[in-house]
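Listing of upload.cif, mmCIF, C-alpha atoms
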data_final
loop_
_atom_site.label_atom_id
_atom_site.label_comp_id
_atom_site.auth_asym_id
_atom_site.auth_seq_id
_atom_site.Cartn_x
_atom_site.Cartn_y
_atom_site.Cartn_z
CA ASP B 832 10.38 23.38 28.99
CA VAL B 833 12.66 20.43 28.21
CA VAL B 834 16.06 19.24 29.33
CA GLU B 835 18.57 17.29 27.27
CA LEU B 836 19.76 14.05 28.87
CA GLY B 837 22.39 13.27 26.23
CA ARG B 838 22.89 12.81 22.52
CA VAL B 839 22.77 9.59 20.53
CA PRO B 840 26.01 9.64 18.49
CA LEU B 841 26.01 10.49 14.80
CA ASP B 842 27.78 7.22 13.99
CA PHE B 843 24.98 5.21 15.64
CA VAL B 844 22.25 7.12 13.81
CA ARG B 845 24.08 6.67 10.53
CA GLU B 846 24.52 2.95 11.14
CA VAL B 847 20.88 2.18 12.05
CA SER B 848 19.55 4.36 9.22
CA GLU B 849 21.84 2.61 6.73
CA GLY B 850 23.67 5.83 5.95
CA LEU B 851 20.54 7.85 5.20
CA CYS B 852 20.89 10.21 8.18
CA THR B 853 24.17 11.73 9.35
CA PHE B 854 23.38 13.67 12.49
CA ASP B 855 23.26 13.00 16.20
CA TRP B 856 19.99 12.86 18.11
CA PRO B 857 19.13 14.81 21.29
CA ALA B 858 17.39 12.82 24.03
CA GLN B 859 15.03 15.47 25.36
CA VAL B 860 12.26 15.18 27.95
CA ASN B 861 10.14 17.59 29.97
CA ARG B 862 12.18 18.78 32.93
CA LEU B 863 9.63 17.47 35.47
CA VAL B 864 10.36 13.90 34.39
CA VAL B 865 13.87 14.16 35.80
CA GLN B 866 13.63 17.10 38.21
CA GLY B 867 10.19 16.52 39.71
CA GLY B 868 11.39 14.27 42.51
CA PHE B 869 8.87 11.54 41.66
CA ASP B 870 9.05 8.01 43.05
CA LEU B 871 7.22 6.75 39.98
CA VAL B 872 6.69 7.99 36.43
CA LEU B 873 3.75 6.06 34.98
CA SER B 874 3.47 6.19 31.19
CA LEU B 875 0.12 5.11 29.75
CA GLY B 876 -0.60 4.56 26.09
CA GLN B 877 -1.68 2.36 23.22
CA VAL B 878 0.58 0.25 21.00
CA VAL B 879 -0.49 0.51 17.36
CA PRO B 880 1.30 0.38 14.01
CA HIS B 881 3.07 3.70 13.48
CA GLU B 882 4.57 5.16 10.32
CA VAL B 883 7.64 6.75 11.98
CA VAL B 884 8.71 4.37 14.75
CA GLY B 885 7.09 1.12 13.52
CA MET B 886 5.03 0.38 16.60
CA ALA B 887 3.95 3.30 18.77
CA ASN B 888 4.50 3.89 22.45
CA TYR B 889 7.00 2.59 25.03
CA SER B 890 10.00 4.98 25.10
CA LYS B 891 8.42 7.04 22.32
CA ASN B 892 6.02 8.29 25.01
CA LEU B 893 9.01 9.61 26.93
CA PHE B 894 11.26 11.13 24.25
CA VAL B 895 8.57 12.23 21.80
CA GLY B 896 5.39 12.44 23.87
CA VAL B 897 7.01 14.82 26.39
CA GLY B 898 10.13 15.51 24.35
CA GLY B 899 11.46 18.61 22.61
CA LYS B 900 11.03 19.95 19.09
CA ASP B 901 14.55 19.11 17.94
CA GLY B 902 14.30 15.48 19.03
CA ILE B 903 10.81 15.11 17.56
CA ASP B 904 11.79 16.66 14.23
CA ARG B 905 14.93 14.56 13.85
CA SER B 906 13.14 11.33 14.75
CA HIS B 907 10.51 12.02 12.10
CA TRP B 908 13.24 12.77 9.57
CA ILE B 909 14.93 9.43 10.30
CA GLY B 910 11.63 7.59 9.83
CA ALA B 911 10.84 9.44 6.61
CA ALA B 912 14.29 8.83 5.13
CA TYR B 913 14.20 5.13 5.95
CA GLY B 914 10.74 4.74 4.41
CA ILE B 915 7.27 3.80 5.57
CA GLU B 916 7.40 0.51 3.66
CA ARG B 917 10.22 -0.70 5.89
CA THR B 918 8.84 0.85 9.09
CA LEU B 919 5.08 0.58 9.54
CA GLY B 920 4.04 -2.24 11.87
CA ARG B 921 7.58 -3.38 12.69
CA VAL B 922 9.15 -3.57 16.14
CA ASP B 923 12.78 -3.01 15.15
CA THR B 924 13.29 0.17 13.12
CA PRO B 925 15.93 2.92 13.02
CA VAL B 926 13.86 5.29 15.17
CA ARG B 927 13.15 2.56 17.72
CA ALA B 928 16.87 1.77 17.87
CA VAL B 929 17.64 5.42 18.59
CA LEU B 930 14.98 5.55 21.31
CA ASP B 931 16.30 2.32 22.84
CA TYR B 932 19.81 3.76 22.90
CA ALA B 933 18.55 6.89 24.66
CA GLN B 934 16.55 4.85 27.16
CA GLU B 935 19.53 2.64 28.04
CA HIS B 936 22.23 5.28 28.17
CA PHE B 937 20.43 8.38 29.44
CA ALA B 938 17.16 7.42 31.13
CA SER B 939 17.99 4.35 33.22
CA SER B 940 17.67 6.37 36.43
CA ILE B 941 14.14 7.58 35.64
CA PRO B 942 11.66 5.43 37.63
CA VAL B 943 9.38 4.92 34.65
CA VAL B 944 6.85 2.09 34.33
CA TYR B 945 4.94 1.61 31.10
CA ALA B 946 1.32 0.44 30.98
CA LEU B 947 0.74 -0.44 27.34
CA THR B 948 -2.70 -1.27 25.95
CA VAL B 949 -3.69 -2.97 22.71
CA VAL B 950 -7.10 -2.11 21.29
CA GLY B 951 -8.74 -3.98 18.44
CA PRO B 952 -11.98 -5.45 17.15
CA SER B 953 -13.83 -7.72 19.55
CA ASP B 954 -14.06 -11.39 18.65
CA LEU B 955 -17.78 -11.15 19.43
CA THR B 956 -20.47 -10.32 16.87
CA PRO B 957 -22.49 -7.16 17.66
CA ALA B 958 -25.72 -7.82 19.52
CA ASP B 959 -27.85 -6.87 16.51
CA GLY B 960 -25.82 -9.16 14.27
CA GLN B 961 -24.98 -6.29 11.93
CA GLY B 962 -21.94 -4.16 11.32
CA ALA B 963 -18.34 -4.61 12.36
CA ALA B 964 -17.28 -5.78 15.79
CA LEU B 965 -16.65 -2.97 18.26
CA ASP B 966 -13.12 -2.08 19.32
CA VAL B 967 -12.24 -3.30 22.80
CA THR B 968 -9.11 -3.50 24.92
CA ARG B 969 -7.49 -6.77 23.90
CA GLY B 970 -4.53 -6.64 26.26
CA ILE B 971 -2.55 -4.58 28.74
CA PHE B 972 1.16 -5.05 29.36
CA VAL B 973 2.97 -3.42 32.27
CA GLY B 974 6.70 -3.18 32.86
CA SER B 975 9.75 -0.94 32.86
CA GLY B 976 11.69 -2.77 30.16
CA ARG B 977 11.31 -3.71 26.51
CA ALA B 978 9.67 -7.08 27.18
CA ALA B 979 6.25 -5.55 27.88
CA PHE B 980 6.51 -3.49 24.69
CA GLU B 981 7.47 -6.51 22.57
CA GLN B 982 4.52 -8.51 23.90
CA ALA B 983 2.13 -5.63 23.24
CA ALA B 984 3.54 -5.14 19.75
CA ALA B 985 3.10 -8.83 18.94
CA LEU B 986 -0.57 -8.67 19.92
CA SER B 987 -1.05 -5.40 18.04
CA ALA B 988 0.35 -7.02 14.89
CA GLN B 989 -2.35 -9.67 15.20
CA VAL B 990 -5.35 -7.41 15.83
CA ASN B 991 -4.39 -4.12 14.11
CA ILE B 992 -2.99 -5.39 10.81
CA ASN B 993 -5.03 -7.07 8.08
CA TYR B 994 -3.05 -9.74 6.24
CA LEU B 995 -4.23 -10.52 2.70
CA ASP B 996 -3.82 -13.69 0.67
CA ARG B 997 -2.70 -11.74 -2.39
CA PRO B 998 -1.85 -8.16 -3.36
CA VAL B 999 -4.67 -5.78 -4.25
CA THR B 1000 -4.86 -4.45 -7.81
CA LYS B 1001 -7.62 -1.88 -7.17
CA MET B 1002 -8.45 -0.23 -3.85
CA VAL B 1003 -10.92 2.51 -2.96
CA VAL B 1004 -10.55 4.43 0.32
CA TYR B 1005 -13.16 6.82 1.67
CA LEU B 1006 -12.08 9.48 4.15
CA ASN B 1007 -14.85 10.63 6.48
CA PRO B 1008 -15.11 14.43 6.03
CA ASP B 1009 -15.78 14.86 9.75
CA ASP B 1010 -12.34 13.44 10.58
CA PHE B 1011 -10.09 14.19 7.59
CA LYS B 1012 -9.54 17.84 6.68
CA SER B 1013 -5.91 17.76 5.47
CA THR B 1014 -3.60 15.68 3.35
CA TRP B 1015 -1.41 15.38 6.48
CA LEU B 1016 -4.02 13.02 7.93
CA GLY B 1017 -5.46 11.97 4.58
CA ASN B 1018 -2.12 10.42 3.64
CA LYS B 1019 -3.08 7.56 5.94
CA ALA B 1020 -5.15 6.34 2.98
CA ILE B 1021 -1.88 5.85 1.13
CA TYR B 1022 0.62 4.62 3.69
CA ARG B 1023 -1.80 2.28 5.46
CA THR B 1024 -2.61 0.49 2.21
CA ARG B 1025 0.55 0.65 0.13
CA LEU B 1026 2.09 -2.55 1.51
CA ALA B 1027 -1.00 -4.42 0.29
CA MET B 1028 -0.94 -2.94 -3.22
CA ALA B 1029 0.20 -5.01 -6.17
CA ASP B 1030 2.88 -3.67 -8.51
CA GLY B 1031 1.04 -1.49 -11.00
CA GLY B 1032 -2.07 -1.45 -8.80
CA SER B 1033 -4.20 1.65 -8.36
CA LEU B 1034 -5.56 3.46 -5.32
CA LEU B 1035 -8.57 5.78 -5.48
CA VAL B 1036 -8.98 8.11 -2.50
CA LEU B 1037 -12.35 9.79 -1.95
CA ALA B 1038 -11.67 12.77 0.32
CA PRO B 1039 -14.58 15.21 0.26
CA GLY B 1040 -13.46 17.00 3.43
CA VAL B 1041 -9.78 17.59 2.61
CA VAL B 1042 -9.12 21.32 2.14
CA ASN B 1043 -5.63 21.86 3.63
CA VAL B 1044 -2.20 20.37 3.14
CA ALA B 1045 -1.20 20.52 6.81
CA GLU B 1046 -3.16 20.55 10.06
CA ASP B 1047 -1.46 23.77 11.16
CA LYS B 1048 -2.11 26.87 9.03
CA GLU B 1049 1.42 28.23 9.52
CA ILE B 1050 2.91 24.94 8.35
CA ASP B 1051 0.42 24.79 5.50
CA LYS B 1052 1.74 28.02 3.95
CA PRO B 1053 5.36 26.99 3.23
CA ILE B 1054 4.28 23.55 1.98
CA ARG B 1055 1.88 25.17 -0.48
CA HIS B 1056 4.68 27.51 -1.59
CA ASP B 1057 7.52 25.00 -1.86
CA ALA B 1058 5.54 21.76 -2.42
CA HIS B 1059 6.68 18.28 -1.48
CA ARG B 1060 9.76 16.55 -2.85
CA GLY B 1061 9.87 12.76 -3.02
CA ALA B 1062 12.80 10.83 -1.57
CA ALA B 1063 14.24 9.80 -4.95
CA ARG B 1064 14.04 13.34 -6.27
CA ALA B 1065 15.47 14.80 -3.08
CA ARG B 1066 18.63 12.71 -3.50
CA GLU B 1067 19.26 14.04 -7.01
#

Could you express the structure from this file as structure tokens?
Amino acid sequence: DVVELGRVPLDFVREVSEGLCTFDWPAQVNRLVVQGGFDLVLSLGQVVPHEVVGMANYSKNLFVGVGGKDGIDRSHWIGAAYGIERTLGRVDTPVRAVLDYAQEHFASSIPVVYALTVVGPSDLTPADGQGAALDVTRGIFVGSGRAAFEQAAALSAQVNINYLDRPVTKMVVYLNPDDFKSTWLGNKAIYRTRLAMADGGSLLVLAPGVVNVAEDKEIDKPIRHDAHRGAARARE
């Protein structure tokens, strides 16, 4: 139930992805966004570090949140090809550039206003003096342009990213079995820690609840059959 507003040119996608992706990108949204006759489209969401776009939300809510399969799949491919190490927690990434292009060229007539929240640990110690501080809303940024997103992303970088004095040589991650049933989600243990790992360091993942590769059973089947292929091997 989507409509295509336009296509980001192949040359632009190739340029921002540093030659890693050579296809155009369809700017797709649910038809009601453009055909619903609304005076206001209010997009609500949280800005957090994201492995595909760098920092979540803003125009991602429009073109991915209520977008179409082709646009979603291609955006994830761009992010995967460019690499999590160069993407996670950053404002300017290839996928964000593509979304910005689509917003400027195809969606300027949509009366969208973004209300972007940043959630992170409270500065206050819990009342009982034990345990970690509870997560609270640390900021809310409202606007129709990129300025609100950039301000939210700057705050998110402060409260949602742990900066270490030196790389970690040994790290142990425990995945709660109530929340993590697949390697699709369990991979967070890897990509959310890898930028902190020292060269030659080791990561031990304890995942007692992981039983599937993918969250969806139909997607799980072909992955189990064909397996994963790393980026370096895929280029061979």

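Neighbours of B:Thr918 closer than or equal to 8 Å, with only C-alpha atoms counted and sequence neighbours fewer than 4 positions away skipped, come out as His881, Glu882, Val883, Val884, Gly885, Gly910, Tyr913, Gly914 and Thr924 of chain B.
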
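Among the candidates B:Leu893, B:Gly867, B:Met886, B:Val926, the residue lying nearest to B:Glu846 is B:Val926 (atoms considered: all atoms listed in the file).
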
What is the distance between atom CA of B:Ser848 and atom CA of B:Pro925, in Å to one decimal?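 Between atom CA of B:Ser848 and atom CA of B:Pro925 the gap works out to 5.4 Å.
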
Distance criterion (all atoms listed in the file): nearest to B:Asn892 out of B:Arg927, B:His936, B:Arg969, B:Arg997: B:Arg927

Radius query 6 Å about (25.7, 12.3, 8.7), atoms used: only C-alpha atoms, as a ChimeraX atom specification: /B:852-854

Between atom CA of B:Val847 and atom CA of B:Ala933, measure the distance and give it in Å to one decimal.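 That distance, rounded to one decimal, is 13.7 Å.
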
Measure the distance from atom CA of B:Leu1034 to atom CA of B:Val1003 in Å and round it to one decimal. 5.9 Å

Ranking B:Val865, B:Val922, B:Leu1016, B:Leu871 by minimum distance to B:Tyr945 and counting all atoms listed in the file, which one comes first?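 Going through B:Val865, B:Val922, B:Leu1016, B:Leu871 one by one, the smallest distance to B:Tyr945 is for B:Leu871.
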
Closest of B:Gly920, B:Lys891, B:Asn1043, B:Ala946 to B:Asn993 - atom-to-atom distances counting only C-alpha atoms: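 That would be B:Gly920, the residue with the smallest distance to B:Asn993.
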
Which is closest to B:Ser1033 among B:Lys1001, B:His1056, B:Lys1012, B:Arg862, if we use only C-alpha atoms?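 Smallest separation from B:Ser1033 among the options: B:Lys1001.
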
Is there a way to get, as a ChimeraX atom specification, all residues within 8 Å of the point (-10.5, 7.1, -4.7) in file coordinates, counting all atoms listed in the file? /B:1002-1005,1034-1038

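For the choices B:Asn991, B:Gln934, B:Ser940, B:Thr968, the atom-to-atom distance to B:Val879 is smallest for B:Asn991 when using only C-alpha atoms.
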
Box for stretch 875-883 of chain B - axis-aligned, 3 Å on each of the six sides, all listed atoms - centre and size in Å to one decimal, as lines of an AutoDock Vina configuration file.
center_x = 3.0
center_y = 3.5
center_z = 20.0
size_x = 15.3
size_y = 12.5
size_z = 25.4

Name the residues that the PyMOL selection byres ((chain B and resi 947) around 8) pulls out of this structure, and write them as number ranges by chain. B: 875-878, 888-889, 945-946, 948-949, 971-973, 979-980, 983

Using C-alpha atoms, can you export the residues from the last selection as a compact mmCIF listing (two decimals), in the frame of the given file?
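Generated output (selection.txt):
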# COMPACT_ATOMS: atom_id res chain seq x y z
CA LEU B 875 0.12 5.11 29.75
CA GLY B 876 -0.60 4.56 26.09
CA GLN B 877 -1.68 2.36 23.22
CA VAL B 878 0.58 0.25 21.00
CA ASN B 888 4.50 3.89 22.45
CA TYR B 889 7.00 2.59 25.03
CA TYR B 945 4.94 1.61 31.10
CA ALA B 946 1.32 0.44 30.98
CA THR B 948 -2.70 -1.27 25.95
CA VAL B 949 -3.69 -2.97 22.71
CA ILE B 971 -2.55 -4.58 28.74
CA PHE B 972 1.16 -5.05 29.36
CA VAL B 973 2.97 -3.42 32.27
CA ALA B 979 6.25 -5.55 27.88
CA PHE B 980 6.51 -3.49 24.69
CA ALA B 983 2.13 -5.63 23.24

Could I get the residues of stretch 871-939 of chain B with an atom no further than 10 Å from an atom of stretch 1024-1029 of chain B, each paired with its nearest atom pair and that distance in Å to one decimal, using only C-alpha atoms, sorted by chain and residue number, as CSV?
residue,atom,partner,partner_atom,distance
B:Ile915,CA,B:Leu1026,CA,9.1
B:Glu916,CA,B:Leu1026,CA,6.5
B:Arg917,CA,B:Leu1026,CA,9.4
B:Leu919,CA,B:Leu1026,CA,9.1

Explicit residues for the PyMOL selection byres ((chain B and resi 1041) around 9) (as a list in words): Leu1006, Pro1008, Phe1011, Lys1012, Ser1013, Thr1014, Gly1017, Ala1038, Pro1039, Gly1040, Val1042, Asn1043 and Val1044 of chain B

Evaluated on this file, the PyMOL selection byres ((chain B and resi 899) around 9) picks out some residues - which ones are they, written as a ChimeraX atom specification? /B:832-835,857-861,894-898,900-904
